[in-house]
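Listing of start29.cif; format and content: mmCIF, C-alpha atoms.
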data_upload
loop_
_atom_site.label_atom_id
_atom_site.label_comp_id
_atom_site.auth_asym_id
_atom_site.auth_seq_id
_atom_site.Cartn_x
_atom_site.Cartn_y
_atom_site.Cartn_z
CA MET A 16 -111.56 -31.57 125.57
CA ARG A 17 -110.01 -29.62 122.68
CA GLN A 18 -110.64 -30.74 119.08
CA ALA A 19 -107.00 -31.78 118.69
CA ASP A 20 -107.21 -33.86 121.89
CA ARG A 21 -110.30 -35.68 120.60
CA GLY A 22 -108.46 -36.39 117.34
CA LEU A 23 -105.52 -37.79 119.24
CA ALA A 24 -107.78 -39.96 121.36
CA LEU A 25 -109.76 -41.23 118.38
CA ASN A 26 -107.14 -41.94 115.75
CA GLY A 27 -103.75 -41.70 117.41
CA SER A 28 -102.74 -38.52 115.60
CA GLY A 29 -103.65 -34.95 116.41
CA ALA A 30 -101.68 -33.98 113.30
CA LEU A 31 -104.56 -35.12 111.10
CA VAL A 32 -106.99 -32.79 112.86
CA ASP A 33 -104.49 -29.95 112.61
CA ALA A 34 -104.03 -30.59 108.89
CA VAL A 35 -107.78 -30.53 108.27
CA VAL A 36 -108.10 -27.24 110.18
CA GLU A 37 -105.25 -25.69 108.17
CA MET A 38 -106.73 -26.90 104.87
CA ALA A 39 -110.03 -25.27 105.80
CA ARG A 40 -108.16 -22.00 106.48
CA PHE A 41 -106.40 -22.23 103.10
CA ASP A 42 -109.77 -22.82 101.43
CA GLU A 43 -111.37 -19.87 103.24
CA ALA A 44 -108.48 -17.64 102.13
CA GLY A 45 -109.01 -18.74 98.52
CA LEU A 46 -105.51 -20.20 98.19
CA PHE A 47 -106.59 -23.40 96.47
CA GLU A 48 -108.54 -21.54 93.79
CA ARG A 49 -105.71 -19.03 93.37
CA THR A 50 -103.23 -21.88 92.95
CA ARG A 51 -105.39 -23.48 90.25
CA LYS A 52 -105.52 -20.17 88.38
CA ILE A 53 -101.78 -19.47 88.47
CA ALA A 54 -100.58 -23.05 87.91
CA ASP A 55 -100.70 -22.69 84.11
CA HIS A 56 -98.36 -19.71 84.23
CA TRP A 57 -96.00 -21.70 86.49
CA GLU A 58 -96.09 -24.71 84.13
CA GLN A 59 -95.41 -22.61 81.03
CA ALA A 60 -92.51 -20.81 82.72
CA ALA A 61 -90.98 -24.09 83.90
CA HIS A 62 -91.30 -25.82 80.53
CA ALA A 63 -89.87 -22.76 78.76
CA LEU A 64 -86.51 -24.04 80.09
CA LYS A 65 -86.74 -26.94 77.63
CA GLY A 66 -83.63 -26.78 75.49
CA ALA A 67 -81.65 -24.74 78.03
CA PRO A 68 -78.08 -25.92 78.59
CA HIS A 69 -77.86 -29.14 80.62
CA VAL A 70 -81.64 -29.55 81.09
CA ILE A 71 -82.75 -33.12 80.36
CA ASP A 72 -86.19 -33.19 81.99
CA ILE A 73 -88.79 -30.84 83.47
CA ARG A 74 -91.60 -32.11 85.67
CA ASN A 75 -94.34 -30.21 87.43
CA ILE A 76 -97.68 -30.48 89.11
CA GLY A 77 -99.55 -27.48 90.44
CA LEU A 78 -96.99 -25.06 91.89
CA VAL A 79 -94.23 -27.64 92.27
CA ALA A 80 -91.53 -28.26 89.68
CA ALA A 81 -88.33 -30.23 89.28
CA ILE A 82 -85.71 -29.49 86.65
CA GLU A 83 -83.27 -32.30 85.98
CA PHE A 84 -79.77 -31.70 84.66
CA ALA A 85 -77.43 -33.95 82.76
CA PRO A 86 -74.86 -35.12 85.28
CA ARG A 87 -71.37 -33.76 84.88
CA PRO A 88 -68.93 -36.63 84.22
CA GLY A 89 -67.15 -37.34 87.50
CA GLY A 90 -69.24 -34.79 89.38
CA PRO A 91 -72.86 -35.81 89.91
CA GLY A 92 -74.89 -33.11 91.60
CA GLN A 93 -72.42 -30.34 90.84
CA ARG A 94 -74.55 -28.61 88.20
CA SER A 95 -77.59 -28.42 90.44
CA ALA A 96 -75.47 -27.06 93.30
CA GLU A 97 -73.89 -24.46 91.01
CA CYS A 98 -77.29 -23.47 89.62
CA ALA A 99 -78.70 -23.11 93.14
CA GLU A 100 -75.74 -20.97 94.20
CA ALA A 101 -76.01 -18.73 91.12
CA CYS A 102 -79.75 -18.29 91.72
CA TYR A 103 -79.10 -17.47 95.38
CA GLN A 104 -76.58 -14.81 94.36
CA ASP A 105 -79.32 -13.46 92.07
CA GLY A 106 -81.80 -13.29 94.97
CA VAL A 107 -83.74 -16.47 94.17
CA LEU A 108 -83.80 -19.51 96.46
CA VAL A 109 -84.07 -22.97 94.87
CA ARG A 110 -83.31 -26.39 96.35
CA ALA A 111 -80.63 -28.54 94.81
CA GLY A 112 -80.78 -32.30 95.12
CA ALA A 113 -78.82 -34.87 93.16
CA ASP A 114 -78.87 -33.63 89.54
CA LEU A 115 -81.98 -31.51 89.82
CA ILE A 116 -83.41 -28.42 91.38
CA VAL A 117 -86.78 -28.50 93.08
CA LEU A 118 -89.13 -25.54 93.28
CA SER A 119 -92.14 -25.05 95.55
CA PRO A 120 -93.08 -21.39 95.91
CA PRO A 121 -95.54 -19.90 98.37
CA LEU A 122 -99.16 -20.18 97.29
CA THR A 123 -99.32 -16.38 97.22
CA ILE A 124 -96.72 -16.06 94.44
CA GLU A 125 -97.43 -13.49 91.71
CA PRO A 126 -96.85 -13.98 87.95
CA ASP A 127 -93.94 -11.50 87.88
CA GLU A 128 -92.28 -13.44 90.70
CA ILE A 129 -92.67 -16.67 88.73
CA ASP A 130 -91.04 -15.01 85.75
CA ARG A 131 -88.17 -13.79 87.94
CA ILE A 132 -87.52 -17.29 89.33
CA PHE A 133 -87.31 -18.93 85.92
CA ALA A 134 -85.30 -16.06 84.42
CA SER A 135 -82.78 -16.52 87.22
CA ILE A 136 -82.58 -20.24 86.56
CA ARG A 137 -82.10 -19.62 82.82
CA LYS A 138 -79.35 -17.07 83.56
CA ALA A 139 -77.61 -19.55 85.87
CA LEU A 140 -77.81 -22.35 83.31
CA ASP A 141 -76.28 -20.12 80.66
CA THR A 142 -73.22 -19.57 82.87
CA ILE A 143 -72.44 -23.04 84.28
CA ALA A 144 -70.42 -25.65 82.38
#
Produce structure tokens that represent the structure in this file.
Amino acid sequence: MRQADRGLALNGSGALVDAVVEMARFDEAGLFERTRKIADHWEQAAHALKGAPHVIDIRNIGLVAAIEFAPRPGGPGQRSAECAEACYQDGVLVRAGADLIVLSPPLTIEPDEIDRIFASIRKALDTIA
């Protein structure tokens, strides 16, 4: 019986076993430690958007961030969609949702790539109404 089959038989979910195996691979590759080391750079870059046009809140944990925009009167969600489109045209992919953009880069991201992401967001915010 394969490990995943035993997990399915024992707890009803082979997904749990698969997740534990993948987490062990991430740990062996040093991705967790790398993420801890680069998270400060990510946080500083995200919070550097404080005071940018339309930004009302910035939240982050580890290598995940959400940037909330003031809603446009009569057009909720439009600013985040416009920001996402401008970033895409600039070669940066962000997810728009409601009045915010959500960022979750690969764990292998480099500091210069972090800087590029947030520079693109800043550039987009400077151009949208």
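Distances here use only C-alpha atoms; by that measure, the residue among A:Asp127, A:Tyr103, A:Asp114, A:Gly77 closest to Pro91 of chain A is A:Asp114.
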(request) Quick one: apply the PyMOL selection byres ((chain A and resi 52-66) around 8) to the file and drop the selected residues here as a PyMOL selection string. (result) chain A and resi 48-51+67-68+70-73+75-78+80+126+129-130+133+137
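When atom CA of Ile132 of chain A is paired with atom CA of Ala39 of chain A, their separation reads 29.0 Å.
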(request) Calculate how many Å separate atom CA of Ala85 of chain A from atom CA of Ile124 of chain A, rounding to one decimal. (result) 28.8 Å
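One finds atom CA of Arg110 of chain A at 27.2 Å from atom CA of Arg40 of chain A.
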(request) Go through the shown structure with the PyMOL selection byres ((chain A and resi 93) around 12) and write out the matching residues as a PyMOL selection string. (result) chain A and resi 69+84-92+94-100+111-116+143-144
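Residue membership of the PyMOL selection byres ((chain A and resi 119) around 7) in the shown file amounts to Leu78, Val79, Ala80, Val117, Leu118, Pro120 and Pro121 of chain A.
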Output file for the residues above (C-alpha atoms, as a short mmCIF file (atom, residue, chain, number, x, y, z; two decimals), keeping the file's coordinate frame):
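Heads up, here's the output in part.cif:
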data_model
loop_
_atom_site.label_atom_id
_atom_site.label_comp_id
_atom_site.auth_asym_id
_atom_site.auth_seq_id
_atom_site.Cartn_x
_atom_site.Cartn_y
_atom_site.Cartn_z
CA LEU A 78 -96.99 -25.06 91.89
CA VAL A 79 -94.23 -27.64 92.27
CA ALA A 80 -91.53 -28.26 89.68
CA VAL A 117 -86.78 -28.50 93.08
CA LEU A 118 -89.13 -25.54 93.28
CA PRO A 120 -93.08 -21.39 95.91
CA PRO A 121 -95.54 -19.90 98.37
#
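Ranking A:Ile82, A:Val109, A:Ala101, A:Glu37 by their shortest atom-to-atom distance to Asp141 of chain A, with all atoms listed in the file included, puts A:Ala101 first.
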Padding of 8 Å on every side, edges along x, y and z, all listed atoms of segment 72-88 of chain A included: what centre and edge lengths in Å, to one decimal, does that box have, as lines of an AutoDock Vina configuration file?
center_x = -84.2
center_y = -30.8
center_z = 87.1
size_x = 46.6
size_y = 27.6
size_z = 26.3
